[in-house]
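Q: What follows is model-v3.cif, made up of mmCIF, C-alpha atoms:
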data_entry
loop_
_atom_site.group_PDB
_atom_site.id
_atom_site.type_symbol
_atom_site.label_atom_id
_atom_site.label_comp_id
_atom_site.auth_asym_id
_atom_site.auth_seq_id
_atom_site.Cartn_x
_atom_site.Cartn_y
_atom_site.Cartn_z
ATOM 1 C CA MET T 7 11.630 -6.029 26.501
ATOM 2 C CA GLN T 8 11.322 -6.273 22.739
ATOM 3 C CA SER T 9 11.872 -3.178 20.599
ATOM 4 C CA PHE T 10 13.145 -2.117 17.200
ATOM 5 C CA GLU T 11 15.218 0.796 15.984
ATOM 6 C CA ASN T 12 13.420 3.735 14.407
ATOM 7 C CA ALA T 13 16.563 4.535 12.401
ATOM 8 C CA GLY T 14 16.738 2.687 9.107
ATOM 9 C CA ALA T 15 13.239 1.221 9.428
ATOM 10 C CA GLY T 16 11.825 3.330 6.605
ATOM 11 C CA GLY T 17 11.970 0.224 4.445
ATOM 12 C CA ILE T 18 8.700 -0.783 6.090
ATOM 13 C CA VAL T 19 6.992 2.060 4.229
ATOM 14 C CA LEU T 20 8.576 0.953 0.944
ATOM 15 C CA ALA T 21 7.183 -2.532 1.563
ATOM 16 C CA MET T 22 3.753 -1.024 2.210
ATOM 17 C CA ALA T 23 3.974 0.795 -1.098
ATOM 18 C CA GLU T 24 4.833 -2.434 -2.903
ATOM 19 C CA ARG T 25 1.848 -4.192 -1.370
ATOM 20 C CA ILE T 26 -0.555 -1.409 -2.327
ATOM 21 C CA VAL T 27 0.729 -1.298 -5.913
ATOM 22 C CA GLU T 28 0.417 -5.100 -6.149
ATOM 23 C CA ASN T 29 -3.217 -4.839 -5.059
ATOM 24 C CA LYS T 30 -4.146 -1.775 -7.117
ATOM 25 C CA ALA T 31 -6.530 -3.613 -9.450
ATOM 26 C CA TYR T 32 -8.079 -5.632 -6.623
ATOM 27 C CA LEU T 33 -8.753 -2.562 -4.476
ATOM 28 C CA SER T 34 -10.298 -0.690 -7.390
ATOM 29 C CA GLU T 35 -12.413 -3.732 -8.290
ATOM 30 C CA ILE T 36 -13.847 -3.865 -4.765
ATOM 31 C CA ASP T 37 -14.397 -0.121 -4.757
ATOM 32 C CA GLY T 38 -16.121 -0.283 -8.137
ATOM 33 C CA LYS T 39 -18.891 -2.459 -6.742
ATOM 34 C CA ILE T 40 -20.215 0.199 -4.358
ATOM 35 C CA GLY T 41 -17.979 3.257 -4.832
ATOM 36 C CA ASP T 42 -16.106 5.284 -7.427
ATOM 37 C CA GLY T 43 -13.795 2.435 -8.426
ATOM 38 C CA ASP T 44 -10.655 4.543 -8.021
ATOM 39 C CA HIS T 45 -9.437 3.489 -4.581
ATOM 40 C CA GLY T 46 -6.652 1.248 -5.817
ATOM 41 C CA VAL T 47 -5.534 3.745 -8.457
ATOM 42 C CA ASN T 48 -5.370 6.655 -6.017
ATOM 43 C CA MET T 49 -3.672 4.612 -3.309
ATOM 44 C CA ALA T 50 -1.093 3.182 -5.711
ATOM 45 C CA LYS T 51 -0.364 6.650 -7.078
ATOM 46 C CA GLY T 52 0.238 8.143 -3.624
ATOM 47 C CA PHE T 53 2.307 5.285 -2.256
ATOM 48 C CA SER T 54 4.379 5.081 -5.438
ATOM 49 C CA MET T 55 5.154 8.799 -5.283
ATOM 50 C CA ALA T 56 6.258 8.484 -1.668
ATOM 51 C CA ALA T 57 8.374 5.415 -2.448
ATOM 52 C CA GLU T 58 10.175 7.282 -5.226
ATOM 53 C CA ARG T 59 11.116 10.052 -2.803
ATOM 54 C CA LEU T 60 12.355 7.567 -0.222
ATOM 55 C CA LYS T 61 14.438 5.296 -2.448
ATOM 56 C CA GLY T 62 18.105 5.193 -1.483
ATOM 57 C CA LYS T 63 17.639 7.386 1.607
ATOM 58 C CA ASN T 64 17.746 4.792 4.411
ATOM 59 C CA ALA T 65 15.146 6.849 6.250
ATOM 60 C CA SER T 66 13.901 6.195 9.750
ATOM 61 C CA LEU T 67 10.362 4.892 10.129
ATOM 62 C CA ALA T 68 9.251 8.321 11.365
ATOM 63 C CA GLU T 69 10.855 10.092 8.388
ATOM 64 C CA ALA T 70 9.365 7.668 5.875
ATOM 65 C CA MET T 71 5.900 7.996 7.385
ATOM 66 C CA GLU T 72 6.205 11.776 7.313
ATOM 67 C CA VAL T 73 6.975 11.693 3.575
ATOM 68 C CA LEU T 74 4.091 9.319 2.918
ATOM 69 C CA GLY T 75 1.657 11.348 4.998
ATOM 70 C CA SER T 76 2.657 14.565 3.261
ATOM 71 C CA VAL T 77 2.186 13.081 -0.210
ATOM 72 C CA LEU T 78 -1.210 11.614 0.640
ATOM 73 C CA LEU T 79 -2.434 14.838 2.253
ATOM 74 C CA SER T 80 -1.256 17.259 -0.381
ATOM 75 C CA GLU T 81 -1.197 15.374 -3.667
ATOM 76 C CA ILE T 82 -3.859 12.654 -3.601
ATOM 77 C CA GLY T 83 -7.558 13.375 -3.955
ATOM 78 C CA GLY T 84 -10.610 11.421 -2.988
ATOM 79 C CA SER T 85 -11.576 10.570 0.571
ATOM 80 C CA MET T 86 -8.613 8.324 1.275
ATOM 81 C CA GLY T 87 -5.870 10.890 0.700
ATOM 82 C CA PRO T 88 -6.786 13.005 3.729
ATOM 83 C CA LEU T 89 -7.654 10.005 5.919
ATOM 84 C CA TYR T 90 -4.476 8.036 5.320
ATOM 85 C CA GLY T 91 -2.467 11.245 5.077
ATOM 86 C CA MET T 92 -3.495 12.197 8.601
ATOM 87 C CA MET T 93 -2.924 8.669 9.868
ATOM 88 C CA PHE T 94 0.657 8.473 8.658
ATOM 89 C CA THR T 95 1.445 12.065 9.631
ATOM 90 C CA GLU T 96 0.258 11.354 13.176
ATOM 91 C CA PHE T 97 2.151 8.040 13.197
ATOM 92 C CA SER T 98 5.304 9.945 12.279
ATOM 93 C CA GLU T 99 4.893 12.663 14.894
ATOM 94 C CA ALA T 100 4.235 10.111 17.646
ATOM 95 C CA ILE T 101 7.583 8.356 17.107
ATOM 96 C CA ALA T 102 9.693 11.243 15.781
ATOM 97 C CA GLU T 103 11.726 11.544 18.996
ATOM 98 C CA SER T 104 11.991 7.807 19.672
ATOM 99 C CA GLY T 105 15.186 5.862 19.116
ATOM 100 C CA ALA T 106 14.102 2.373 20.062
ATOM 101 C CA ILE T 107 10.385 1.730 19.653
ATOM 102 C CA ASP T 108 8.838 -0.691 22.154
ATOM 103 C CA ALA T 109 5.254 -1.920 22.413
ATOM 104 C CA GLN T 110 4.204 1.049 24.555
ATOM 105 C CA THR T 111 5.561 3.566 22.040
ATOM 106 C CA PHE T 112 4.026 1.595 19.167
ATOM 107 C CA SER T 113 0.640 1.729 20.915
ATOM 108 C CA LYS T 114 1.021 5.487 21.327
ATOM 109 C CA MET T 115 1.714 5.686 17.585
ATOM 110 C CA LEU T 116 -1.345 3.591 16.718
ATOM 111 C CA HIS T 117 -3.618 5.744 18.877
ATOM 112 C CA ALA T 118 -2.233 8.945 17.370
ATOM 113 C CA GLY T 119 -3.011 7.624 13.877
ATOM 114 C CA LEU T 120 -6.483 6.513 14.901
ATOM 115 C CA ASP T 121 -7.184 9.940 16.394
ATOM 116 C CA GLY T 122 -5.931 11.528 13.180
ATOM 117 C CA VAL T 123 -8.343 9.502 11.066
ATOM 118 C CA ALA T 124 -11.195 10.277 13.455
ATOM 119 C CA SER T 125 -10.427 13.999 13.230
ATOM 120 C CA VAL T 126 -10.939 13.973 9.445
ATOM 121 C CA GLY T 127 -14.072 11.862 9.159
ATOM 122 C CA SER T 128 -17.100 11.015 11.251
ATOM 123 C CA ALA T 129 -17.016 7.255 10.707
ATOM 124 C CA LYS T 130 -17.147 4.787 13.552
ATOM 125 C CA VAL T 131 -17.056 0.997 13.832
ATOM 126 C CA GLY T 132 -20.050 -0.486 12.031
ATOM 127 C CA ASP T 133 -20.230 2.174 9.311
ATOM 128 C CA LYS T 134 -18.410 -0.004 6.726
ATOM 129 C CA THR T 135 -15.166 1.994 6.518
ATOM 130 C CA LEU T 136 -11.489 1.574 7.361
ATOM 131 C CA MET T 137 -12.442 2.194 11.009
ATOM 132 C CA ASP T 138 -13.859 -1.347 11.060
ATOM 133 C CA THR T 139 -10.289 -2.544 10.486
ATOM 134 C CA LEU T 140 -8.281 0.065 12.384
ATOM 135 C CA VAL T 141 -10.189 0.254 15.662
ATOM 136 C CA PRO T 142 -10.242 -3.487 16.488
ATOM 137 C CA ALA T 143 -6.593 -3.791 15.446
ATOM 138 C CA VAL T 144 -5.524 -1.052 17.873
ATOM 139 C CA GLU T 145 -7.765 -2.340 20.660
ATOM 140 C CA THR T 146 -6.480 -5.891 20.238
ATOM 141 C CA PHE T 147 -2.849 -4.780 20.337
ATOM 142 C CA ASP T 148 -3.497 -2.998 23.643
ATOM 143 C CA GLU T 149 -5.412 -5.956 25.056
ATOM 144 C CA GLN T 150 -2.540 -8.299 24.250
ATOM 145 C CA THR T 151 0.102 -6.123 25.872
ATOM 146 C CA ALA T 152 -2.142 -5.563 28.910
ATOM 147 C CA GLN T 153 -2.299 -9.350 29.271
ATOM 148 C CA GLY T 154 1.487 -9.497 29.347
ATOM 149 C CA LYS T 155 2.004 -10.739 25.789
ATOM 150 C CA ASP T 156 5.256 -9.659 24.164
ATOM 151 C CA PHE T 157 5.502 -7.176 21.277
ATOM 152 C CA ASP T 158 5.741 -9.932 18.656
ATOM 153 C CA ALA T 159 2.617 -11.750 19.852
ATOM 154 C CA ALA T 160 0.672 -8.495 20.105
ATOM 155 C CA LEU T 161 1.577 -7.651 16.504
ATOM 156 C CA ALA T 162 0.408 -11.071 15.314
ATOM 157 C CA ALA T 163 -2.910 -10.550 17.122
ATOM 158 C CA LEU T 164 -3.222 -7.071 15.602
ATOM 159 C CA VAL T 165 -3.044 -8.559 12.100
ATOM 160 C CA THR T 166 -5.666 -11.187 12.911
ATOM 161 C CA ALA T 167 -7.992 -8.518 14.331
ATOM 162 C CA ALA T 168 -7.440 -6.221 11.335
ATOM 163 C CA GLU T 169 -8.338 -8.984 8.879
ATOM 164 C CA ALA T 170 -11.396 -9.985 10.907
ATOM 165 C CA GLY T 171 -12.467 -6.345 10.913
ATOM 166 C CA ARG T 172 -11.991 -6.145 7.159
ATOM 167 C CA ASP T 173 -14.082 -9.280 6.653
ATOM 168 C CA SER T 174 -16.840 -7.924 8.903
ATOM 169 C CA THR T 175 -17.514 -5.103 6.430
ATOM 170 C CA LYS T 176 -18.948 -7.567 3.930
ATOM 171 C CA ASP T 177 -22.071 -7.948 6.049
ATOM 172 C CA LEU T 178 -22.434 -4.262 6.885
ATOM 173 C CA MET T 179 -24.543 -1.616 5.189
ATOM 174 C CA ALA T 180 -22.544 1.466 4.219
ATOM 175 C CA LYS T 181 -23.403 4.580 6.230
ATOM 176 C CA ILE T 182 -20.679 6.950 5.031
ATOM 177 C CA GLY T 183 -19.770 8.307 1.586
ATOM 178 C CA ARG T 184 -21.051 7.425 -1.859
ATOM 179 C CA ALA T 185 -21.726 3.780 -0.978
ATOM 180 C CA SER T 186 -24.237 4.883 1.676
ATOM 181 C CA ARG T 187 -26.641 5.920 -1.106
ATOM 182 C CA LEU T 188 -26.981 2.274 -2.088
ATOM 183 C CA GLY T 189 -28.504 1.326 1.253
ATOM 184 C CA GLU T 190 -28.946 -2.424 1.582
ATOM 185 C CA ARG T 191 -27.408 -2.979 -1.857
ATOM 186 C CA SER T 192 -24.021 -2.187 -0.272
ATOM 187 C CA ILE T 193 -24.269 -5.379 1.809
ATOM 188 C CA GLY T 194 -22.292 -8.361 0.534
ATOM 189 C CA VAL T 195 -19.197 -6.467 -0.603
ATOM 190 C CA LEU T 196 -16.000 -5.741 1.305
ATOM 191 C CA ASP T 197 -15.210 -2.092 1.958
ATOM 192 C CA ALA T 198 -12.185 -0.978 -0.071
ATOM 193 C CA GLY T 199 -10.802 1.260 2.690
ATOM 194 C CA ALA T 200 -11.094 -1.484 5.272
ATOM 195 C CA THR T 201 -9.325 -3.820 2.837
ATOM 196 C CA SER T 202 -6.425 -1.462 2.126
ATOM 197 C CA CYS T 203 -6.111 -0.725 5.846
ATOM 198 C CA ALA T 204 -5.773 -4.444 6.613
ATOM 199 C CA LEU T 205 -3.053 -4.747 3.942
ATOM 200 C CA LEU T 206 -1.155 -1.799 5.396
ATOM 201 C CA LEU T 207 -1.403 -2.941 9.002
ATOM 202 C CA LYS T 208 -0.219 -6.432 8.068
ATOM 203 C CA GLU T 209 2.788 -5.042 6.198
ATOM 204 C CA LEU T 210 3.569 -2.692 9.087
ATOM 205 C CA ALA T 211 3.329 -5.488 11.651
ATOM 206 C CA GLU T 212 5.429 -7.917 9.612
ATOM 207 C CA GLY T 213 8.057 -5.262 8.985
ATOM 208 C CA VAL T 214 8.317 -4.534 12.686
ATOM 209 C CA ARG T 215 8.365 -8.216 13.655
ATOM 210 C CA THR T 216 11.404 -8.889 11.447
ATOM 211 C CA ARG T 217 13.242 -6.027 13.169
ATOM 212 C CA LEU T 218 12.443 -6.852 16.806
ATOM 213 C CA GLN T 219 15.371 -7.317 19.167
#
How does this structure look as structure tokens?
A:
Amino acid sequence: MQSFENAGAGGIVLAMAERIVENKAYLSEIDGKIGDGDHGVNMAKGFSMAAERLKGKNASLAEAMEVLGSVLLSEIGGSMGPLYGMMFTEFSEAIAESGAIDAQTFSKMLHAGLDGVASVGSAKVGDKTLMDTLVPAVETFDEQTAQGKDFDAALAALVTAAEAGRDSTKDLMAKIGRASRLGERSIGVLDAGATSCALLLKELAEGVRTRLQ
């Protein structure tokens, strides 16, 4: 059975931070079309702060996610700070006691993060939010493992589902947050949260796949 070591896997979070910083302008550009235009800036600020605190520490994945979650919850404003802060805090708690993380433990982690996001906001699939990315990604991962696919294949399917979920938001009308005031004018633009979520899930999945044994 495939698994990876929790210890030393904190580099995955550093890679996530790099990807968010790289896409700062893009995420803010998307957000500017129907939102406040600060999504990329806020995300890059939070992830950069967490990365600075993690550099040179060789943290476990759980430790790195705890640092990231704490920074996002306590030091980043907007709607995304609390949402992603809860997600990564719950991710961390779900794997804190795990040495080797297999597909079953990873699924437990994903569900804990999803529940964390749901506890902060009221969004559901179809509302043009990060839930349109996160929910199908988690469901697809579980479907793949239930079908007997190995951890690696399930992660690949998760990424495909996350990106399809992100793309689906282009045709949706926003029902949550500032963008919801635009009504039908919000159709035709990707949701910034769904886009950043797809970036993060892809980086997470690729980081895990390179560490699988």
Q: Carefully work through the PyMOL selection byres ((chain T and resi 111) around 12) for this structure and note down the residues it includes, as a PyMOL selection string.
A: chain T and resi 8-12+97-110+112-118+147-148+151+157
Q: Would you mind listing what lies within 7 Å of T:Leu196 as an NGL selection string, with only C-alpha atoms counted and same-chain residues fewer than 5 positions away left out?
A: :T and (36 or 173 or 175-176)
Q: Convert the output of the PyMOL selection byres ((chain T and resi 207) around 10) on the shown file into explicit residues, formatted as a list in words.
A: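 What the PyMOL selection byres ((chain T and resi 207) around 10) grabs from the file is Met22, Thr139, Leu140, Ala143, Val144, Leu161, Leu164, Val165, Ala168, Glu169, Ser202, Cys203, Ala204, Leu205, Leu206, Lys208, Glu209, Leu210, Ala211, Glu212 and Gly213 of chain T.
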Q: Choose the residue, out of T:Val27, T:Ala170, T:Ala129, T:Ala124, that has the smallest atom-to-atom separation from T:Thr146; count only C-alpha atoms.
A: T:Ala170
Q: Using only C-alpha atoms, which residues of stretch 70-180 of chain T come within 10 Å of stretch 42-61 of chain T, and what is the closest atom pair for each, with the distance in Å to one decimal? Give it as a Markdown table, sorted by chain and residue number.
A:
| residue | atom | partner | partner_atom | distance |
| --- | --- | --- | --- | --- |
| T:Ala70 | CA | T:Leu60 | CA | 6.8 |
| T:Met71 | CA | T:Ala56 | CA | 9.1 |
| T:Glu72 | CA | T:Ala56 | CA | 9.6 |
| T:Val73 | CA | T:Ala56 | CA | 6.2 |
| T:Leu74 | CA | T:Ala56 | CA | 5.1 |
| T:Gly75 | CA | T:Ala56 | CA | 8.6 |
| T:Ser76 | CA | T:Ala56 | CA | 8.6 |
| T:Val77 | CA | T:Gly52 | CA | 6.3 |
| T:Leu78 | CA | T:Gly52 | CA | 5.7 |
| T:Leu79 | CA | T:Gly52 | CA | 9.3 |
| T:Ser80 | CA | T:Gly52 | CA | 9.8 |
| T:Glu81 | CA | T:Gly52 | CA | 7.4 |
| T:Ile82 | CA | T:Gly52 | CA | 6.1 |
| T:Gly83 | CA | T:Asn48 | CA | 7.4 |
| T:Gly84 | CA | T:Asn48 | CA | 7.7 |
| T:Ser85 | CA | T:His45 | CA | 9.0 |
| T:Met86 | CA | T:His45 | CA | 7.6 |
| T:Gly87 | CA | T:Met49 | CA | 7.8 |
| T:Tyr90 | CA | T:Met49 | CA | 9.3 |
| T:Gly91 | CA | T:Gly52 | CA | 9.6 |
Q: By how many Å are atom CA of T:Ala180 and atom CA of T:Asp37 apart?
A: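 Interatomic distance, atom CA of T:Ala180 to atom CA of T:Asp37: 12.2 Å.
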Q: Tell me which of T:Ala23, T:Leu33, T:Leu120, T:Ala167 sits closest to T:Gln150, counting only C-alpha atoms.
A: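 Nearest candidate to T:Gln150 out of T:Ala23, T:Leu33, T:Leu120, T:Ala167: T:Ala167.
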Q: Using only C-alpha atoms, which of T:Ala15, T:Met7, T:Leu136, T:Ala152 sits nearest T:Glu69?
A: T:Ala15
Q: Separation of atom CA of T:Lys30 and atom CA of T:Gly119, in Å?
A: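 A separation of 23.0 Å between them.
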Q: So which one's closest to T:Ala160, T:Gly132, T:Gly127, T:Gly199, T:Val214? Using only C-alpha atoms, please.
A: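 Nearest candidate to T:Ala160 out of T:Gly132, T:Gly127, T:Gly199, T:Val214: T:Val214.
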Q: Please, what distance in Å, to one decimal, runs between atom CA of T:Ala163 and atom CA of T:Phe94?
A: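 For atom CA of T:Ala163 relative to atom CA of T:Phe94, the distance reads 21.1 Å.
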Q: Kindly provide, as a list in words, the polymer residues lying within 7 Å of (-16.8, -0.3, -1.4), counting all atoms listed in the file and using the coordinates exactly as they appear in the file.
A: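 It turns out the residues near that spot are Ile36, Asp37, Gly38, Lys39, Ile40, Gly41, Ala185, Val195, Leu196, Asp197 and Ala198 of chain T.
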Q: Kindly resolve the PyMOL selection byres ((chain T and resi 14) around 8) on the present coordinates and return the residues as a list in words.
A: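 After applying the PyMOL selection byres ((chain T and resi 14) around 8), what remains is Glu11, Asn12, Ala13, Ala15, Gly16, Gly17, Asn64, Ala65, Ser66 and Leu67 of chain T.
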Q: Counting all atoms listed in the file, which residue out of T:Glu145, T:Glu96, T:Asp158, T:Glu24 sits closest to T:Gly122?
A: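 Looking at the shortest contact to T:Gly122, the residue is T:Glu96.
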